[in-house]
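To be precise, the following lines are work16.pdb, and they hold PDB, C-alpha atoms, pLDDT in the B column.
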ATOM      1  CA  MET A 648      -1.990  -3.058  10.022  1.00 73.00           C
ATOM      2  CA  LEU A 649      -4.048  -0.637  12.100  1.00 84.00           C
ATOM      3  CA  ARG A 650      -4.762  -1.534  15.705  1.00 89.00           C
ATOM      4  CA  VAL A 651      -7.336  -0.219  18.152  1.00 91.00           C
ATOM      5  CA  TYR A 652      -6.296   1.822  21.168  1.00 90.00           C
ATOM      6  CA  ASP A 653      -8.070   3.575  24.014  1.00 85.00           C
ATOM      7  CA  GLU A 654     -11.226   1.448  23.764  1.00 82.00           C
ATOM      8  CA  GLY A 655     -11.809   2.255  20.098  1.00 85.00           C
ATOM      9  CA  ARG A 656     -11.202   6.001  20.300  1.00 89.00           C
ATOM     10  CA  LEU A 657      -7.864   5.791  18.489  1.00 94.00           C
ATOM     11  CA  PHE A 658      -6.457   3.712  15.651  1.00 96.00           C
ATOM     12  CA  GLY A 659      -2.780   3.417  14.879  1.00 96.00           C
ATOM     13  CA  GLU A 660      -0.067   1.355  13.247  1.00 96.00           C
ATOM     14  CA  THR A 661       2.844  -0.127  15.156  1.00 96.00           C
ATOM     15  CA  PHE A 662       6.266  -0.579  13.591  1.00 96.00           C
ATOM     16  CA  GLY A 663       8.796  -3.083  14.880  1.00 94.00           C
ATOM     17  CA  GLU A 664       8.462  -5.809  17.443  1.00 88.00           C
ATOM     18  CA  ASP A 665       9.847  -3.879  20.414  1.00 88.00           C
ATOM     19  CA  PRO A 666       7.683  -1.629  22.626  1.00 91.00           C
ATOM     20  CA  PRO A 667       7.212   1.788  20.999  1.00 94.00           C
ATOM     21  CA  ARG A 668       9.865   4.355  21.824  1.00 96.00           C
ATOM     22  CA  VAL A 669       8.468   6.891  19.371  1.00 97.00           C
ATOM     23  CA  LEU A 670       4.953   8.304  18.947  1.00 97.00           C
ATOM     24  CA  TRP A 671       4.216   9.953  15.582  1.00 98.00           C
ATOM     25  CA  LEU A 672       1.425  12.564  15.249  1.00 98.00           C
ATOM     26  CA  HIS A 673       0.375  13.630  11.740  1.00 97.00           C
ATOM     27  CA  GLY A 674      -0.825  16.961  10.396  1.00 95.00           C
ATOM     28  CA  TRP A 675      -4.283  18.309   9.634  1.00 92.00           C
ATOM     29  CA  GLY A 676      -6.133  16.317   6.986  1.00 92.00           C
ATOM     30  CA  ARG A 677      -3.407  13.652   6.948  1.00 95.00           C
ATOM     31  CA  THR A 678      -3.166  10.162   8.475  1.00 97.00           C
ATOM     32  CA  SER A 679      -0.749   7.918  10.336  1.00 97.00           C
ATOM     33  CA  ALA A 680       0.514   6.606   6.973  1.00 97.00           C
ATOM     34  CA  ASP A 681       2.565   9.790   6.519  1.00 98.00           C
ATOM     35  CA  PHE A 682       5.245   8.428   8.843  1.00 98.00           C
ATOM     36  CA  SER A 683       5.402   4.877   7.496  1.00 97.00           C
ATOM     37  CA  VAL A 684       8.706   5.306   5.628  1.00 98.00           C
ATOM     38  CA  ALA A 685      10.542   6.849   8.577  1.00 98.00           C
ATOM     39  CA  ALA A 686       8.998   4.397  11.044  1.00 98.00           C
ATOM     40  CA  ARG A 687       9.893   1.353   8.950  1.00 98.00           C
ATOM     41  CA  ALA A 688      13.481   2.522   8.595  1.00 98.00           C
ATOM     42  CA  LEU A 689      13.790   2.805  12.368  1.00 98.00           C
ATOM     43  CA  ALA A 690      12.035  -0.536  12.901  1.00 97.00           C
ATOM     44  CA  GLU A 691      14.717  -2.212  10.823  1.00 96.00           C
ATOM     45  CA  GLU A 692      17.203  -0.914  13.390  1.00 96.00           C
ATOM     46  CA  GLY A 693      15.181  -2.293  16.303  1.00 95.00           C
ATOM     47  CA  VAL A 694      13.363   0.926  17.222  1.00 97.00           C
ATOM     48  CA  GLY A 695       9.664   0.308  17.791  1.00 96.00           C
ATOM     49  CA  SER A 696       7.181   3.118  17.212  1.00 96.00           C
ATOM     50  CA  LEU A 697       3.498   3.911  16.918  1.00 97.00           C
ATOM     51  CA  SER A 698       1.835   6.247  14.431  1.00 97.00           C
ATOM     52  CA  VAL A 699      -1.764   7.129  15.255  1.00 97.00           C
ATOM     53  CA  ASP A 700      -4.671   8.522  13.276  1.00 97.00           C
ATOM     54  CA  LEU A 701      -5.620  11.646  15.204  1.00 96.00           C
ATOM     55  CA  PRO A 702      -9.308  11.833  16.197  1.00 95.00           C
ATOM     56  CA  GLY A 703     -11.446  12.697  13.194  1.00 94.00           C
ATOM     57  CA  PHE A 704      -8.855  11.559  10.640  1.00 93.00           C
ATOM     58  CA  GLY A 705      -8.119   8.221   9.037  1.00 94.00           C
ATOM     59  CA  SER A 706      -9.875   5.502  11.006  1.00 94.00           C
ATOM     60  CA  SER A 707     -10.152   7.333  14.339  1.00 95.00           C
ATOM     61  CA  PRO A 708     -13.593   8.745  15.239  1.00 94.00           C
ATOM     62  CA  LEU A 709     -14.132  12.410  16.025  1.00 91.00           C
ATOM     63  CA  PRO A 710     -13.101  13.602  19.478  1.00 89.00           C
ATOM     64  CA  GLU A 711     -15.690  14.220  22.130  1.00 84.00           C
ATOM     65  CA  GLY A 712     -16.269  17.957  22.010  1.00 85.00           C
ATOM     66  CA  VAL A 713     -14.756  20.809  20.036  1.00 87.00           C
ATOM     67  CA  GLY A 714     -11.395  22.418  20.629  1.00 88.00           C
ATOM     68  CA  GLY A 715      -7.835  22.602  19.382  1.00 89.00           C
ATOM     69  CA  ALA A 716      -4.544  21.084  20.489  1.00 92.00           C
ATOM     70  CA  GLU A 717      -5.604  21.001  24.146  1.00 92.00           C
ATOM     71  CA  LEU A 718      -8.629  18.863  23.258  1.00 93.00           C
ATOM     72  CA  TYR A 719      -6.455  16.498  21.232  1.00 94.00           C
ATOM     73  CA  ALA A 720      -3.882  16.306  24.004  1.00 95.00           C
ATOM     74  CA  ASP A 721      -6.681  15.246  26.331  1.00 93.00           C
ATOM     75  CA  ALA A 722      -7.629  12.528  23.828  1.00 94.00           C
ATOM     76  CA  LEU A 723      -4.042  11.227  23.591  1.00 95.00           C
ATOM     77  CA  VAL A 724      -2.738  11.547  27.128  1.00 94.00           C
ATOM     78  CA  GLY A 725      -4.057   8.124  28.146  1.00 93.00           C
ATOM     79  CA  LEU A 726      -2.238   6.480  25.248  1.00 93.00           C
ATOM     80  CA  LEU A 727       0.951   8.389  26.047  1.00 93.00           C
ATOM     81  CA  ARG A 728       0.843   7.231  29.663  1.00 91.00           C
ATOM     82  CA  GLN A 729       0.220   3.670  28.515  1.00 88.00           C
ATOM     83  CA  LEU A 730       3.182   3.704  26.120  1.00 86.00           C
ATOM     84  CA  ALA A 731       5.677   5.528  28.286  1.00 78.00           C
ATOM     85  CA  THR A 732       7.151   2.700  30.333  1.00 84.00           C
ATOM     86  CA  GLN A 733      10.197   4.848  29.655  1.00 88.00           C
ATOM     87  CA  PRO A 734      10.187   8.435  28.343  1.00 94.00           C
ATOM     88  CA  ILE A 735       9.435   8.373  24.636  1.00 95.00           C
ATOM     89  CA  ILE A 736      10.139  10.617  21.667  1.00 97.00           C
ATOM     90  CA  LEU A 737       7.198  12.622  20.351  1.00 97.00           C
ATOM     91  CA  VAL A 738       7.312  13.551  16.657  1.00 98.00           C
ATOM     92  CA  GLY A 739       4.648  15.940  15.417  1.00 98.00           C
ATOM     93  CA  HIS A 740       3.964  17.477  12.022  1.00 98.00           C
ATOM     94  CA  SER A 741       1.860  20.613  11.568  1.00 94.00           C
ATOM     95  CA  PHE A 742      -1.308  20.283  13.697  1.00 94.00           C
ATOM     96  CA  GLY A 743       0.048  17.038  15.156  1.00 97.00           C
ATOM     97  CA  GLY A 744       3.114  18.994  16.248  1.00 96.00           C
ATOM     98  CA  SER A 745       0.939  21.446  18.131  1.00 95.00           C
ATOM     99  CA  VAL A 746      -0.615  18.476  19.911  1.00 96.00           C
ATOM    100  CA  ALA A 747       2.835  16.986  20.591  1.00 97.00           C
ATOM    101  CA  LEU A 748       4.052  20.307  22.005  1.00 97.00           C
ATOM    102  CA  THR A 749       0.996  20.556  24.240  1.00 96.00           C
ATOM    103  CA  LEU A 750       1.524  17.006  25.501  1.00 96.00           C
ATOM    104  CA  ALA A 751       5.229  17.573  26.141  1.00 96.00           C
ATOM    105  CA  ALA A 752       4.514  20.743  28.112  1.00 95.00           C
ATOM    106  CA  ARG A 753       1.876  18.986  30.208  1.00 94.00           C
ATOM    107  CA  GLU A 754       3.471  15.541  30.608  1.00 95.00           C
ATOM    108  CA  ALA A 755       7.188  16.339  30.681  1.00 95.00           C
ATOM    109  CA  PRO A 756       8.309  13.239  32.644  1.00 95.00           C
ATOM    110  CA  LEU A 757       6.874  11.014  29.903  1.00 96.00           C
ATOM    111  CA  VAL A 758       8.700  12.677  27.004  1.00 96.00           C
ATOM    112  CA  LYS A 759      12.403  12.176  26.312  1.00 96.00           C
ATOM    113  CA  HIS A 760      12.619  14.446  23.292  1.00 98.00           C
ATOM    114  CA  LEU A 761      10.327  16.477  21.071  1.00 98.00           C
ATOM    115  CA  VAL A 762      10.716  16.628  17.279  1.00 98.00           C
ATOM    116  CA  LEU A 763       8.601  19.301  15.598  1.00 98.00           C
ATOM    117  CA  THR A 764       8.232  19.917  11.874  1.00 97.00           C
ATOM    118  CA  GLY A 765       6.145  22.636  10.248  1.00 95.00           C
ATOM    119  CA  THR A 766       4.733  23.611  13.648  1.00 90.00           C
ATOM    120  CA  PRO A 767       3.610  25.390  15.760  1.00 86.00           C
ATOM    121  CA  ARG A 768       1.925  28.345  14.174  1.00 77.00           C
ATOM    122  CA  LEU A 769       2.712  31.470  16.138  1.00 78.00           C
ATOM    123  CA  SER A 770       0.864  34.759  16.602  1.00 66.00           C
ATOM    124  CA  PRO A 771      -2.540  33.464  15.453  1.00 47.00           C
ATOM    125  CA  SER A 772      -3.841  37.011  15.652  1.00 39.00           C
ATOM    126  CA  LEU A 773      -1.986  37.651  12.402  1.00 40.00           C
ATOM    127  CA  SER A 774      -4.134  35.101  10.598  1.00 39.00           C
ATOM    128  CA  ARG A 775      -7.289  36.905  11.654  1.00 40.00           C
ATOM    129  CA  THR A 776      -6.202  40.116   9.925  1.00 41.00           C
ATOM    130  CA  VAL A 777      -5.613  38.637   6.478  1.00 48.00           C
ATOM    131  CA  ALA A 778      -9.176  37.578   5.697  1.00 54.00           C
ATOM    132  CA  PRO A 779     -10.290  39.330   2.492  1.00 60.00           C
ATOM    133  CA  ARG A 780     -12.432  42.389   3.042  1.00 64.00           C
ATOM    134  CA  ALA A 781     -15.306  40.806   1.114  1.00 62.00           C
ATOM    135  CA  TYR A 782     -15.273  37.750   3.397  1.00 59.00           C
ATOM    136  CA  ARG A 783     -15.237  39.956   6.505  1.00 62.00           C
ATOM    137  CA  TRP A 784     -18.388  41.597   5.154  1.00 59.00           C
ATOM    138  CA  TRP A 785     -20.048  38.199   4.694  1.00 52.00           C
ATOM    139  CA  ARG A 786     -19.229  37.238   8.275  1.00 63.00           C
ATOM    140  CA  TRP A 787     -20.574  40.571   9.516  1.00 64.00           C
ATOM    141  CA  ALA A 788     -23.803  40.037   7.556  1.00 66.00           C
ATOM    142  CA  ALA A 789     -24.150  36.422   8.748  1.00 64.00           C
ATOM    143  CA  ARG A 790     -23.862  37.434  12.405  1.00 72.00           C
ATOM    144  CA  ARG A 791     -26.784  39.772  11.870  1.00 70.00           C
ATOM    145  CA  GLY A 792     -28.917  37.251  10.018  1.00 75.00           C
ATOM    146  CA  LEU A 793     -28.744  39.186   6.747  1.00 69.00           C
ATOM    147  CA  VAL A 794     -27.611  36.242   4.588  1.00 68.00           C
ATOM    148  CA  SER A 795     -28.681  32.621   4.426  1.00 77.00           C
ATOM    149  CA  GLU A 796     -26.470  29.756   5.547  1.00 71.00           C
ATOM    150  CA  ALA A 797     -26.268  28.528   1.949  1.00 70.00           C
ATOM    151  CA  ARG A 798     -24.912  31.876   0.748  1.00 67.00           C
ATOM    152  CA  MET A 799     -22.515  32.029   3.697  1.00 57.00           C
ATOM    153  CA  GLU A 800     -21.207  28.573   2.835  1.00 59.00           C
ATOM    154  CA  ARG A 801     -20.560  29.704  -0.736  1.00 65.00           C
ATOM    155  CA  ALA A 802     -18.539  32.589   0.695  1.00 56.00           C
ATOM    156  CA  ARG A 803     -16.571  30.185   2.882  1.00 55.00           C
ATOM    157  CA  GLN A 804     -15.807  28.018  -0.121  1.00 58.00           C
ATOM    158  CA  ARG A 805     -14.633  31.056  -2.076  1.00 60.00           C
ATOM    159  CA  TYR A 806     -12.532  32.787   0.553  1.00 51.00           C
ATOM    160  CA  GLY A 807     -11.600  30.126   3.107  1.00 57.00           C
ATOM    161  CA  SER A 808      -8.281  28.257   3.238  1.00 61.00           C
ATOM    162  CA  PRO A 809      -8.088  24.819   1.558  1.00 63.00           C
ATOM    163  CA  ASP A 810      -8.230  23.124   4.977  1.00 61.00           C
ATOM    164  CA  TYR A 811     -11.261  25.182   5.942  1.00 55.00           C
ATOM    165  CA  ARG A 812     -13.072  24.484   2.674  1.00 60.00           C
ATOM    166  CA  GLN A 813     -12.513  20.750   2.994  1.00 63.00           C
ATOM    167  CA  ALA A 814     -13.538  20.511   6.655  1.00 64.00           C
ATOM    168  CA  HIS A 815     -17.172  20.066   7.614  1.00 59.00           C
ATOM    169  CA  GLY A 816     -19.208  19.924  10.795  1.00 71.00           C
ATOM    170  CA  ALA A 817     -17.227  19.450  13.979  1.00 77.00           C
ATOM    171  CA  LEU A 818     -13.903  19.296  12.135  1.00 79.00           C
ATOM    172  CA  ARG A 819     -14.446  22.802  10.816  1.00 78.00           C
ATOM    173  CA  GLU A 820     -15.115  24.057  14.351  1.00 82.00           C
ATOM    174  CA  ILE A 821     -12.018  22.227  15.576  1.00 84.00           C
ATOM    175  CA  LEU A 822      -9.938  23.801  12.813  1.00 80.00           C
ATOM    176  CA  VAL A 823     -11.134  27.284  13.731  1.00 76.00           C
ATOM    177  CA  ALA A 824     -10.314  26.641  17.390  1.00 78.00           C
ATOM    178  CA  SER A 825      -6.848  25.299  16.582  1.00 79.00           C
ATOM    179  CA  VAL A 826      -5.735  28.155  14.334  1.00 76.00           C
ATOM    180  CA  ASN A 827      -6.721  30.640  17.020  1.00 77.00           C
ATOM    181  CA  GLU A 828      -4.660  28.953  19.738  1.00 85.00           C
ATOM    182  CA  SER A 829      -1.341  30.376  20.918  1.00 82.00           C
ATOM    183  CA  TYR A 830       1.667  28.148  21.617  1.00 90.00           C
ATOM    184  CA  GLU A 831       4.157  30.682  22.920  1.00 92.00           C
ATOM    185  CA  VAL A 832       3.459  29.750  26.542  1.00 91.00           C
ATOM    186  CA  ALA A 833       3.875  26.029  25.839  1.00 93.00           C
ATOM    187  CA  LEU A 834       7.209  26.653  24.091  1.00 95.00           C
ATOM    188  CA  ALA A 835       8.477  28.791  26.953  1.00 95.00           C
ATOM    189  CA  SER A 836       7.459  26.182  29.545  1.00 95.00           C
ATOM    190  CA  LEU A 837       9.163  23.217  27.859  1.00 96.00           C
ATOM    191  CA  VAL A 838      11.644  21.237  29.924  1.00 96.00           C
ATOM    192  CA  THR A 839      12.069  18.627  27.194  1.00 96.00           C
ATOM    193  CA  PRO A 840      14.819  19.031  24.553  1.00 97.00           C
ATOM    194  CA  VAL A 841      13.429  19.853  21.123  1.00 98.00           C
ATOM    195  CA  THR A 842      14.554  19.513  17.527  1.00 98.00           C
ATOM    196  CA  PHE A 843      12.914  21.579  14.807  1.00 98.00           C
ATOM    197  CA  VAL A 844      13.058  19.967  11.356  1.00 98.00           C
ATOM    198  CA  TRP A 845      11.920  22.429   8.699  1.00 97.00           C
ATOM    199  CA  GLY A 846      11.542  22.571   4.946  1.00 97.00           C
ATOM    200  CA  GLU A 847      13.156  25.716   3.560  1.00 97.00           C
ATOM    201  CA  ASN A 848      10.317  25.914   1.027  1.00 97.00           C
ATOM    202  CA  ASP A 849       7.521  25.575   3.584  1.00 96.00           C
ATOM    203  CA  ARG A 850       4.891  28.107   2.523  1.00 92.00           C
ATOM    204  CA  ASP A 851       2.235  27.033   5.032  1.00 89.00           C
ATOM    205  CA  VAL A 852       4.420  27.618   8.089  1.00 91.00           C
ATOM    206  CA  PRO A 853       7.506  29.503   6.880  1.00 93.00           C
ATOM    207  CA  LEU A 854      11.003  28.949   8.217  1.00 94.00           C
ATOM    208  CA  ASP A 855      10.960  32.208  10.180  1.00 92.00           C
ATOM    209  CA  VAL A 856       8.348  30.606  12.461  1.00 92.00           C
ATOM    210  CA  ALA A 857      10.932  28.002  13.471  1.00 94.00           C
ATOM    211  CA  VAL A 858      13.465  30.751  14.164  1.00 93.00           C
ATOM    212  CA  ARG A 859      10.967  32.563  16.379  1.00 92.00           C
ATOM    213  CA  ALA A 860      10.046  29.318  18.152  1.00 94.00           C
ATOM    214  CA  MET A 861      13.731  28.594  18.850  1.00 94.00           C
ATOM    215  CA  ALA A 862      14.029  31.958  20.569  1.00 93.00           C
ATOM    216  CA  LEU A 863      11.157  31.107  22.914  1.00 95.00           C
ATOM    217  CA  VAL A 864      12.511  27.848  24.339  1.00 96.00           C
ATOM    218  CA  SER A 865      14.993  27.654  27.197  1.00 95.00           C
ATOM    219  CA  VAL A 866      15.805  23.947  26.759  1.00 95.00           C
ATOM    220  CA  PRO A 867      18.485  22.420  24.497  1.00 95.00           C
ATOM    221  CA  ALA A 868      17.196  22.977  20.977  1.00 96.00           C
ATOM    222  CA  GLN A 869      18.376  22.794  17.414  1.00 96.00           C
ATOM    223  CA  LEU A 870      16.999  23.718  14.016  1.00 97.00           C
ATOM    224  CA  ARG A 871      17.623  21.531  10.965  1.00 98.00           C
ATOM    225  CA  THR A 872      16.662  23.096   7.659  1.00 97.00           C
ATOM    226  CA  LEU A 873      15.934  20.999   4.591  1.00 98.00           C
ATOM    227  CA  PRO A 874      16.711  22.560   1.188  1.00 97.00           C
ATOM    228  CA  GLY A 875      14.098  21.958  -1.477  1.00 97.00           C
ATOM    229  CA  VAL A 876      11.529  20.599   1.010  1.00 98.00           C
ATOM    230  CA  GLY A 877       8.081  22.108   1.573  1.00 97.00           C
ATOM    231  CA  HIS A 878       5.514  21.673   4.312  1.00 96.00           C
ATOM    232  CA  LEU A 879       4.935  17.914   3.992  1.00 97.00           C
ATOM    233  CA  THR A 880       8.191  16.881   5.627  1.00 98.00           C
ATOM    234  CA  PRO A 881       7.008  13.383   6.674  1.00 98.00           C
ATOM    235  CA  THR A 882       6.517  12.350   3.052  1.00 98.00           C
ATOM    236  CA  GLU A 883       9.033  14.659   1.357  1.00 98.00           C
ATOM    237  CA  ALA A 884      11.961  14.028   3.716  1.00 98.00           C
ATOM    238  CA  PRO A 885      11.221  11.029   5.952  1.00 98.00           C
ATOM    239  CA  GLY A 886      14.931  10.332   6.337  1.00 98.00           C
ATOM    240  CA  ALA A 887      15.449  13.677   8.057  1.00 98.00           C
ATOM    241  CA  LEU A 888      12.831  12.817  10.681  1.00 98.00           C
ATOM    242  CA  ALA A 889      14.334   9.359  11.181  1.00 98.00           C
ATOM    243  CA  ASP A 890      17.764  10.977  11.675  1.00 98.00           C
ATOM    244  CA  ALA A 891      16.323  13.374  14.276  1.00 98.00           C
ATOM    245  CA  VAL A 892      14.860  10.414  16.167  1.00 98.00           C
ATOM    246  CA  ARG A 893      18.147   8.491  16.016  1.00 98.00           C
ATOM    247  CA  ASP A 894      20.040  11.455  17.458  1.00 97.00           C
ATOM    248  CA  ALA A 895      17.419  11.905  20.168  1.00 97.00           C
ATOM    249  CA  LEU A 896      17.706   8.260  21.163  1.00 96.00           C
ATOM    250  CA  ARG A 897      21.472   8.638  21.505  1.00 92.00           C
ATOM    251  CA  SER A 898      21.238  11.786  23.623  1.00 86.00           C
TER     252      SER A 898
END

Any chance you could give the structure as structure tokens?
Amino acid sequence: MLRVYDEGRLFGETFGEDPPRVLWLHGWGRTSADFSVAARALAEEGVGSLSVDLPGFGSSPLPEGVGGAELYADALVGLLRQLATQPIILVGHSFGGSVALTLAAREAPLVKHLVLTGTPRLSPSLSRTVAPRAYRWWRWAARRGLVSEARMERARQRYGSPDYRQAHGALREILVASVNESYEVALASLVTPVTFVWGENDRDVPLDVAVRAMALVSVPAQLRTLPGVGHLTPTEAPGALADAVRDALRS
């Protein structure tokens, strides 16, 4: 059952009767339900956790303003401080992992361990160079008022990524901001141990991103690769995330 947090700005589901020791943050276009299998398995072992709908997804309203992971970290920091009667484990998938990384870098005393899967995207400048030439022309023409908004939207629908095509209004602006953020500095500044859990078949954020991220951190870190698993680790391999949490709790 979803509960209200932060005066109605966040909705989430708690698992277990004990105070949450784990905070789960889902990916772009997903919801808190992605982590239900892993969270229930841990709850049966007495580990309480909370999985939230990030602002603008599921039942949570849009955030106030437009931005990427920093904006979402601002929206979640109050909840993190409320939960962290003791340092907790942050688990983040995809965009939620970028938010978790940002929170861990900013609020290190509140985070015992960081578990990242399919995140963060690195070198966002690379993504800006792969836009089809035709779409770059449409953007050039739109900036100069040479095409209507309706025609520009048709171009977006034709050439944009699935996430971009499905996002509208503020969420589209937030998506653009998030994919143009850089997380190298946050990785390098971590003082919290981190576990990367990665699907070997992840095509959205390939395994080499995890290898590059590992090289940037100076804290204890490990990489666990999952054969046959793609980008949606929370639903494809929930047991692997639960195992990472168990090991983090024992450390």

Between CA of Phe742 in chain A and CA of Ala688 in chain A, what distance in Å does the model show, to one decimal? 23.7 Å

Nearest to Ser865 in chain A among A:Thr880, A:Ser696, A:Thr678, A:Ser836, with distances taken over all atoms listed in the file: which residue is it?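 Of all the options, A:Ser836 lies closest to Ser865 in chain A.
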
For Ala720 in chain A, the closest of A:Leu672, A:Ala884, A:Leu879, A:Ala860 counting all atoms listed in the file is A:Leu672

Contacts of Tyr719 in chain A within 8 Å, all atoms listed in the file, excl. fewer than 3 positions in-chain, as JSON, numbers by chain: {"A": [701, 702, 710, 714, 715, 716, 722, 723, 746]}

Kindly resolve the PyMOL selection byres ((chain A and resi 755) around 12) on the present coordinates and return the residues as number ranges by chain. A: 724, 727-728, 731, 733-737, 747-754, 756-761, 833, 836-841

Grab the residues selected above and save them as a PDB file, in the coordinates of the input with C-alpha atoms.
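That gives us result20.pdb:
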ATOM      1  CA  VAL A 724      -2.738  11.547  27.128  1.00 94.00           C
ATOM      2  CA  LEU A 727       0.951   8.389  26.047  1.00 93.00           C
ATOM      3  CA  ARG A 728       0.843   7.231  29.663  1.00 91.00           C
ATOM      4  CA  ALA A 731       5.677   5.528  28.286  1.00 78.00           C
ATOM      5  CA  GLN A 733      10.197   4.848  29.655  1.00 88.00           C
ATOM      6  CA  PRO A 734      10.187   8.435  28.343  1.00 94.00           C
ATOM      7  CA  ILE A 735       9.435   8.373  24.636  1.00 95.00           C
ATOM      8  CA  ILE A 736      10.139  10.617  21.667  1.00 97.00           C
ATOM      9  CA  LEU A 737       7.198  12.622  20.351  1.00 97.00           C
ATOM     10  CA  ALA A 747       2.835  16.986  20.591  1.00 97.00           C
ATOM     11  CA  LEU A 748       4.052  20.307  22.005  1.00 97.00           C
ATOM     12  CA  THR A 749       0.996  20.556  24.240  1.00 96.00           C
ATOM     13  CA  LEU A 750       1.524  17.006  25.501  1.00 96.00           C
ATOM     14  CA  ALA A 751       5.229  17.573  26.141  1.00 96.00           C
ATOM     15  CA  ALA A 752       4.514  20.743  28.112  1.00 95.00           C
ATOM     16  CA  ARG A 753       1.876  18.986  30.208  1.00 94.00           C
ATOM     17  CA  GLU A 754       3.471  15.541  30.608  1.00 95.00           C
ATOM     18  CA  PRO A 756       8.309  13.239  32.644  1.00 95.00           C
ATOM     19  CA  LEU A 757       6.874  11.014  29.903  1.00 96.00           C
ATOM     20  CA  VAL A 758       8.700  12.677  27.004  1.00 96.00           C
ATOM     21  CA  LYS A 759      12.403  12.176  26.312  1.00 96.00           C
ATOM     22  CA  HIS A 760      12.619  14.446  23.292  1.00 98.00           C
ATOM     23  CA  LEU A 761      10.327  16.477  21.071  1.00 98.00           C
ATOM     24  CA  ALA A 833       3.875  26.029  25.839  1.00 93.00           C
ATOM     25  CA  SER A 836       7.459  26.182  29.545  1.00 95.00           C
ATOM     26  CA  LEU A 837       9.163  23.217  27.859  1.00 96.00           C
ATOM     27  CA  VAL A 838      11.644  21.237  29.924  1.00 96.00           C
ATOM     28  CA  THR A 839      12.069  18.627  27.194  1.00 96.00           C
ATOM     29  CA  PRO A 840      14.819  19.031  24.553  1.00 97.00           C
ATOM     30  CA  VAL A 841      13.429  19.853  21.123  1.00 98.00           C
TER      31      VAL A 841
END

At a cut-off of 6 Å, using all atoms listed in the file, what residues contact range 660-665 of chain A? Leave out same-chain residues fewer than 4 positions from it and give the result as a list of chain:residue names.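 Neighbouring residues, sequence-local ones excluded: A:Met648, A:Leu649, A:Ala690, A:Gly695, A:Ser696, A:Leu697, A:Ser698.
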
Rounded to one decimal in Å, what is the spacing between CA of Val858 in chain A and CA of Phe682 in chain A? 24.4 Å

Which is closer to Ser741 in chain A than all the others in A:Val844, A:Val669, A:Leu769, A:Leu763, using all atoms listed in the file?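 Closest to Ser741 in chain A of all the choices is A:Leu763.
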
Compare A:Gly886, A:Gly816, A:Gly875, A:Pro881 by their minimum atom-to-atom distance to Ala680 in chain A, counting all atoms listed in the file, and give me the closest one.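 Closest residue, counting all atoms listed in the file: A:Pro881.
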
Computed interatomic separation between CA of Asp894 in chain A and CA of Ala686 in chain A (Å):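 So the two atoms, CA of Asp894 in chain A and CA of Ala686 in chain A, lie 14.6 Å apart.
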
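For the residues A:His740, A:Arg893, A:Arg687, A:His878, ranking by smallest atom-to-atom distance to Asp851 in chain A using only C-alpha atoms places A:His878 first.
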
Report as a list in words all protein, DNA and RNA residues lying within 7 Å of His673 in chain A, evaluated on all atoms listed in the file, omitting residues in the same chain fewer than 6 positions from it. Ser679, Asp681, Gly739, His740 and Gly743 of chain A

Using the chain letters and residue numbers of this document, give as a ChimeraX atom specification the residues selected by the PyMOL selection byres ((chain A and resi 874) around 7). /A:846-847,872-873,875-876

Using all atoms listed in the file, find the one residue out of A:Ala685, A:Val856, A:Leu718, A:Leu818 that sits nearest to Arg768 in chain A.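 Going through A:Ala685, A:Val856, A:Leu718, A:Leu818 one by one, the smallest distance to Arg768 in chain A is for A:Val856.
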
Around (14.8, 20.8, 11.3), as given in the file, which residues come within 9 Å? Count all atoms listed in the file and list them as a list in words.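 Residues close enough to count: Val762, Leu763, Thr764, Gly765, Thr842, Phe843, Val844, Trp845, Gly846, Ala857, Gln869, Leu870, Arg871, Thr872, Leu873, Ala887, Leu888 and Ala891 of chain A.
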
Calculate, to one decimal in Å, the centre and edge lengths of the box along x, y and z of the file that holds all listed atoms of range 656-663 of chain A with 6 Å of margin on each side, and present them as AutoDock Vina command-line options.
--center_x -1.2 --center_y 1.5 --center_z 16.8 --size_x 32.0 --size_y 21.1 --size_z 19.1

Spatial neighbours of Arg859 in chain A, 12 Å, all atoms listed in the file, chain gap at least 2 places, as a PyMOL selection string: chain A and resi 766-770+830-831+834-835+843+852-857+861-864+870
